[in-house]
Amino acid sequence: MTKPPAILEHIIGHTAILTLNNPPANTWTADSLQALKNIILKLDQDKDIYSLVITGEGDKFFSAGADLNLFADGNKDNAAIMAQNFGEAFETLSAFRGVSIAAINGYAMGGGLEIALACDLRIAEAQAKMALPEASVGLLPCAGGTQNLTALVGEGWAKRMILCGELIDAAKAVNIGLVEEVVEKSQSLDAAVALAAKVAKQSPSSVSACKTLIQAGRNMPRTQALPLERELFVGLFDTEDQTEGVNAFLQKRAANWKNC
C-alpha cells in the first residue's frame with residue numbers, strides 16, 4: 001500500500017490548504033521538510049494563490065515537531081542536515097509572497113510551533129497547547145524559534161518559554177501576542193480560510209509589497225525602511241492591480257485582480 005503524502009494539499013478559491021499528515025503527532029522528517037519547501041516554492045509561482053493555510057491532521061496534534069528518535073544516537077552530521085532542512089523549509093514559508101496562516105488545532109511543540117511562528121498569522125483552538133521544549137532534552141529551537149518568538153512576544157516571554165520550558169495554553173498565547181485569535185475546538189481551519197478570503201479582496205501586489213515592508217523591520221533600521229516604503233508605493237504604479245483597484249473603487253465595483 002502506498003503511504004499517503006506527509007503534507008496534503010487542497011485548494012479553495014485563492015487559498016491553498018496544507019495539512020501536516022504524519023500520524024500520530026504530525027512530526028517532521030527530512031522528506032516532509034523538503035516537501036514543504038517544494039510546495040511553497042510551487043505556490044509562490046501560482047498567481048491564482050493569494051494565501052496558504054497550514055493545519056494538522058487529526059484533533060490532538062497540530063505538530064509535535066521533530067521526531068526525537070532522529071537525534072537519539074547523537075550523530076552530529078545528521079543533526080546538521082535536519083537543522084538545514086528545518087531552516088530552509090521554514091524560511092521559505094516566511095518568504096512566501098502571499099499571506100500564510102497557521103490553524104493550530106492541537107499541540108504545537110518544538111518544530112511544530114516554529115512552523116506556526118514562521119507564518120504571518122496564527123489562529124489557535126481553545127484546547128491548543130504551545131511550547132518550545134528543546135532545552136529540556138539538550139537541544140535548542142533551530143528553525144527560527146528563538147528569533148520569531150522573540151519578535152512576537154518580546155524577550156521576557158520568549159525566555160520563559162525557551163529557557164524555562166513553559167507550556168502555554170491558547171488563552172495565554174493570545175494574551176501575550178503569540179496568536180492573534182482563539183476559536184473553539186475544530187473551528188481553526190474555518191476561521192483561517194475565512195481570514196484568507198479577506199486577503200483575496202486585497203491587491204496581491206500590494207499585499208506582497210506590504211509584507212516585505214513589515215518584515216523589513218526585523219533587520220532594517222527605520223531610516224532605510226521609510227524610504228523603501230515610498231519606493232515600493234511608487235513601484236505599484238507599474239502594476240495592473242493599481243489601476244484596477246483605484247478604478248474599481250471609483251466605479252463602486254469589486255476589483256478583478258491580475259496579480260501583476
# chains A, B, ... in the order shown; residues from 1 in each chain; ligands from 1
call {"tool": "select_by_dssp", "arguments": {"residues": "range 88-164 of chain A", "states": "strand (DSSP E)", "output": "PDB file with N, CA, C and O atoms, in the first residue's frame"}}
result
ATOM      1  N   VAL A  99      -0.054  35.587   1.998  1.00  0.00           N
ATOM      2  CA  VAL A  99      -0.273  35.552   3.441  1.00  0.00           C
ATOM      3  C   VAL A  99      -0.377  34.099   3.905  1.00  0.00           C
ATOM      4  O   VAL A  99      -1.155  33.320   3.350  1.00  0.00           O
ATOM      5  N   SER A 100       0.409  33.749   4.915  1.00  0.00           N
ATOM      6  CA  SER A 100       0.376  32.397   5.477  1.00  0.00           C
ATOM      7  C   SER A 100      -0.283  32.437   6.849  1.00  0.00           C
ATOM      8  O   SER A 100      -0.008  33.322   7.655  1.00  0.00           O
ATOM      9  N   ILE A 101      -1.172  31.474   7.091  1.00  0.00           N
ATOM     10  CA  ILE A 101      -1.947  31.429   8.337  1.00  0.00           C
ATOM     11  C   ILE A 101      -1.833  30.037   8.939  1.00  0.00           C
ATOM     12  O   ILE A 101      -2.096  29.040   8.267  1.00  0.00           O
ATOM     13  N   ALA A 102      -1.444  29.959  10.198  1.00  0.00           N
ATOM     14  CA  ALA A 102      -1.412  28.682  10.907  1.00  0.00           C
ATOM     15  C   ALA A 102      -2.735  28.476  11.635  1.00  0.00           C
ATOM     16  O   ALA A 102      -3.159  29.337  12.411  1.00  0.00           O
ATOM     17  N   ALA A 103      -3.390  27.353  11.364  1.00  0.00           N
ATOM     18  CA  ALA A 103      -4.611  26.966  12.072  1.00  0.00           C
ATOM     19  C   ALA A 103      -4.200  25.900  13.084  1.00  0.00           C
ATOM     20  O   ALA A 103      -4.121  24.712  12.770  1.00  0.00           O
ATOM     21  N   ILE A 104      -3.919  26.327  14.311  1.00  0.00           N
ATOM     22  CA  ILE A 104      -3.328  25.464  15.333  1.00  0.00           C
ATOM     23  C   ILE A 104      -4.443  24.691  16.027  1.00  0.00           C
ATOM     24  O   ILE A 104      -5.146  25.212  16.885  1.00  0.00           O
ATOM     25  N   TYR A 107      -1.768  20.332  19.965  1.00  0.00           N
ATOM     26  CA  TYR A 107      -0.428  20.593  20.475  1.00  0.00           C
ATOM     27  C   TYR A 107       0.492  21.086  19.359  1.00  0.00           C
ATOM     28  O   TYR A 107       0.562  20.491  18.290  1.00  0.00           O
ATOM     29  N   ALA A 108       1.202  22.187  19.629  1.00  0.00           N
ATOM     30  CA  ALA A 108       2.229  22.716  18.721  1.00  0.00           C
ATOM     31  C   ALA A 108       3.512  22.803  19.534  1.00  0.00           C
ATOM     32  O   ALA A 108       3.688  23.730  20.327  1.00  0.00           O
ATOM     33  N   MET A 109       4.385  21.837  19.328  1.00  0.00           N
ATOM     34  CA  MET A 109       5.561  21.685  20.168  1.00  0.00           C
ATOM     35  C   MET A 109       6.830  21.755  19.329  1.00  0.00           C
ATOM     36  O   MET A 109       6.910  21.161  18.253  1.00  0.00           O
ATOM     37  N   LEU A 121       0.266  34.820  10.324  1.00  0.00           N
ATOM     38  CA  LEU A 121      -0.810  34.910  11.306  1.00  0.00           C
ATOM     39  C   LEU A 121      -1.056  33.541  11.911  1.00  0.00           C
ATOM     40  O   LEU A 121      -0.795  32.511  11.285  1.00  0.00           O
ATOM     41  N   ARG A 122      -1.619  33.545  13.131  1.00  0.00           N
ATOM     42  CA  ARG A 122      -1.864  32.292  13.834  1.00  0.00           C
ATOM     43  C   ARG A 122      -3.245  32.329  14.496  1.00  0.00           C
ATOM     44  O   ARG A 122      -3.565  33.300  15.209  1.00  0.00           O
ATOM     45  N   ILE A 123      -4.025  31.290  14.262  1.00  0.00           N
ATOM     46  CA  ILE A 123      -5.316  31.102  14.928  1.00  0.00           C
ATOM     47  C   ILE A 123      -5.235  29.787  15.694  1.00  0.00           C
ATOM     48  O   ILE A 123      -4.902  28.743  15.116  1.00  0.00           O
ATOM     49  N   ALA A 124      -5.519  29.828  16.992  1.00  0.00           N
ATOM     50  CA  ALA A 124      -5.411  28.626  17.821  1.00  0.00           C
ATOM     51  C   ALA A 124      -6.782  28.201  18.327  1.00  0.00           C
ATOM     52  O   ALA A 124      -7.629  29.048  18.636  1.00  0.00           O
ATOM     53  N   GLU A 125      -6.989  26.899  18.409  1.00  0.00           N
ATOM     54  CA  GLU A 125      -8.199  26.386  19.045  1.00  0.00           C
ATOM     55  C   GLU A 125      -8.036  26.426  20.560  1.00  0.00           C
ATOM     56  O   GLU A 125      -6.917  26.405  21.087  1.00  0.00           O
ATOM     57  N   LYS A 129      -2.141  23.672  22.959  1.00  0.00           N
ATOM     58  CA  LYS A 129      -1.031  23.934  23.874  1.00  0.00           C
ATOM     59  C   LYS A 129       0.219  24.171  23.035  1.00  0.00           C
ATOM     60  O   LYS A 129       0.424  23.508  22.016  1.00  0.00           O
ATOM     61  N   MET A 130       1.052  25.110  23.480  1.00  0.00           N
ATOM     62  CA  MET A 130       2.222  25.506  22.695  1.00  0.00           C
ATOM     63  C   MET A 130       3.461  25.582  23.570  1.00  0.00           C
ATOM     64  O   MET A 130       3.398  26.048  24.714  1.00  0.00           O
ATOM     65  N   ALA A 131       4.591  25.107  23.013  1.00  0.00           N
ATOM     66  CA  ALA A 131       5.845  25.150  23.767  1.00  0.00           C
ATOM     67  C   ALA A 131       7.031  24.998  22.825  1.00  0.00           C
ATOM     68  O   ALA A 131       6.901  24.448  21.723  1.00  0.00           O
TER      69      ALA A 131
END
call {"tool": "select_by_dssp", "arguments": {"residues": "range 98-259 of chain A", "states": "alpha helix (DSSP H)", "output": "JSON, numbers by chain"}}
result
{"A": [111, 112, 113, 114, 115, 116, 117, 118, 145, 146, 147, 148, 149, 150, 151, 152, 153, 154, 155, 156, 157, 158, 159, 160, 161, 162, 163, 170, 171, 172, 173, 174, 175, 176, 188, 189, 190, 191, 192, 193, 194, 195, 196, 197, 198, 199, 204, 205, 206, 207, 208, 209, 210, 211, 212, 213, 214, 215, 216, 222, 223, 224, 225, 226, 227, 228, 229, 230, 231, 232, 233, 234, 235, 240, 241, 242, 243, 244, 245, 246, 247, 248, 249, 250]}
call {"tool": "closest_residue", "arguments": {"among": "A:Leu52, A:Ile115, A:Leu140, A:Leu236", "to": "Gly65 in chain A", "atoms": "only C-alpha atoms"}}
result
A:Ile115
call {"tool": "atom_distance", "arguments": {"atom1": "CA of Lys211 in chain A", "atom2": "CA of Thr19 in chain A"}}
result
23.7 Å
call {"tool": "residues_around", "arguments": {"residues": "Gln127 in chain A", "least_positions_apart": "4", "cutoff": "10 Å", "atoms": "only C-alpha atoms", "output": "ChimeraX atom specification"}}
result
/A:59-60,104-107,169-171,182-186
call {"tool": "residues_around", "arguments": {"residues": "Asp31 in chain A", "least_positions_apart": "3", "cutoff": "9 Å", "atoms": "only C-alpha atoms", "output": "compact mmCIF listing (two decimals) with all heavy atoms, in the first residue's frame"}}
result
# COMPACT_ATOMS: atom_id res chain seq x y z
N ALA A 6 3.05 13.18 3.29
CA ALA A 6 3.17 13.76 4.63
C ALA A 6 2.54 15.14 4.70
O ALA A 6 2.27 15.64 5.80
CB ALA A 6 4.64 13.83 5.02
N TRP A 28 7.99 15.98 12.05
CA TRP A 28 8.73 16.33 10.84
C TRP A 28 9.83 15.32 10.55
O TRP A 28 10.47 14.81 11.45
CB TRP A 28 9.37 17.72 10.99
CG TRP A 28 8.39 18.83 11.00
CD1 TRP A 28 7.96 19.56 12.07
CD2 TRP A 28 7.68 19.35 9.86
NE1 TRP A 28 7.05 20.50 11.68
CE2 TRP A 28 6.86 20.40 10.33
CE3 TRP A 28 7.69 19.03 8.51
CZ2 TRP A 28 6.04 21.13 9.49
CZ3 TRP A 28 6.87 19.77 7.65
CH2 TRP A 28 6.06 20.79 8.15
N GLN A 34 11.47 18.88 3.14
CA GLN A 34 11.78 19.16 1.75
C GLN A 34 10.50 19.30 0.94
O GLN A 34 10.39 20.17 0.06
CB GLN A 34 12.65 18.06 1.16
CG GLN A 34 13.18 18.34 -0.24
CD GLN A 34 14.08 19.55 -0.30
OE1 GLN A 34 15.01 19.68 0.48
NE2 GLN A 34 13.82 20.45 -1.25
N ALA A 35 9.51 18.46 1.25
CA ALA A 35 8.23 18.54 0.56
C ALA A 35 7.55 19.89 0.82
O ALA A 35 7.00 20.51 -0.09
CB ALA A 35 7.32 17.39 0.99
N LEU A 36 7.60 20.35 2.07
CA LEU A 36 7.01 21.65 2.40
C LEU A 36 7.68 22.75 1.60
O LEU A 36 7.00 23.61 1.01
CB LEU A 36 7.16 21.93 3.89
CG LEU A 36 6.67 23.31 4.35
CD1 LEU A 36 5.16 23.40 4.25
CD2 LEU A 36 7.13 23.61 5.77
N ASN A 85 17.50 21.46 6.86
CA ASN A 85 16.18 21.21 6.28
C ASN A 85 15.11 22.06 6.97
O ASN A 85 14.24 22.64 6.30
CB ASN A 85 15.81 19.73 6.39
CG ASN A 85 16.52 18.87 5.37
OD1 ASN A 85 16.78 19.31 4.25
ND2 ASN A 85 16.85 17.65 5.73
call {"tool": "closest_atom_pairs", "arguments": {"of": "range 11-109 of chain A", "to": "range 192-200 of chain A", "cutoff": "7 Å", "atoms": "only C-alpha atoms", "output": "tab-separated table"}}
result
residue	atom	partner	partner_atom	distance
A:His14	CA	A:Ala200	CA	6.7
A:Thr15	CA	A:Ala196	CA	6.6
A:Tyr50	CA	A:Ala200	CA	6.3
A:Ser51	CA	A:Ala196	CA	5.9
A:Val53	CA	A:Ala192	CA	6.6
A:Ile101	CA	A:Ala192	CA	6.4
A:Ala103	CA	A:Ala192	CA	6.1
call {"tool": "write_last_selection", "arguments": {"atoms": "N, CA and C atoms", "output": "PDB file, in the first residue's frame"}}
result
ATOM      1  N   HIS A  14      -8.703  31.071  -3.867  1.00  0.00           N
ATOM      2  CA  HIS A  14      -7.332  31.578  -3.973  1.00  0.00           C
ATOM      3  C   HIS A  14      -6.472  31.138  -2.791  1.00  0.00           C
ATOM      4  N   THR A  15      -6.941  30.135  -2.031  1.00  0.00           N
ATOM      5  CA  THR A  15      -6.241  29.701  -0.825  1.00  0.00           C
ATOM      6  C   THR A  15      -5.791  28.247  -0.952  1.00  0.00           C
ATOM      7  N   TYR A  50      -3.324  33.346  -3.353  1.00  0.00           N
ATOM      8  CA  TYR A  50      -3.034  34.561  -2.598  1.00  0.00           C
ATOM      9  C   TYR A  50      -2.649  34.252  -1.147  1.00  0.00           C
ATOM     10  N   SER A  51      -3.118  33.112  -0.628  1.00  0.00           N
ATOM     11  CA  SER A  51      -2.880  32.769   0.775  1.00  0.00           C
ATOM     12  C   SER A  51      -2.653  31.276   0.902  1.00  0.00           C
ATOM     13  N   VAL A  53      -2.913  28.184   4.126  1.00  0.00           N
ATOM     14  CA  VAL A  53      -3.284  27.841   5.494  1.00  0.00           C
ATOM     15  C   VAL A  53      -2.611  26.520   5.834  1.00  0.00           C
ATOM     16  N   ILE A 101      -1.172  31.474   7.091  1.00  0.00           N
ATOM     17  CA  ILE A 101      -1.947  31.429   8.337  1.00  0.00           C
ATOM     18  C   ILE A 101      -1.833  30.037   8.939  1.00  0.00           C
ATOM     19  N   ALA A 103      -3.390  27.353  11.364  1.00  0.00           N
ATOM     20  CA  ALA A 103      -4.611  26.966  12.072  1.00  0.00           C
ATOM     21  C   ALA A 103      -4.200  25.900  13.084  1.00  0.00           C
TER      22      ALA A 103
END
call {"tool": "closest_residue", "arguments": {"among": "A:Gly98, A:Pro4, A:Gly217, A:Gly145", "to": "Ile49 in chain A", "atoms": "only C-alpha atoms"}}
result
A:Gly98
call {"tool": "closest_residue", "arguments": {"among": "A:Gln215, A:Pro204, A:Glu180, A:Leu20", "to": "Ser94 in chain A", "atoms": "only C-alpha atoms"}}
result
A:Gln215
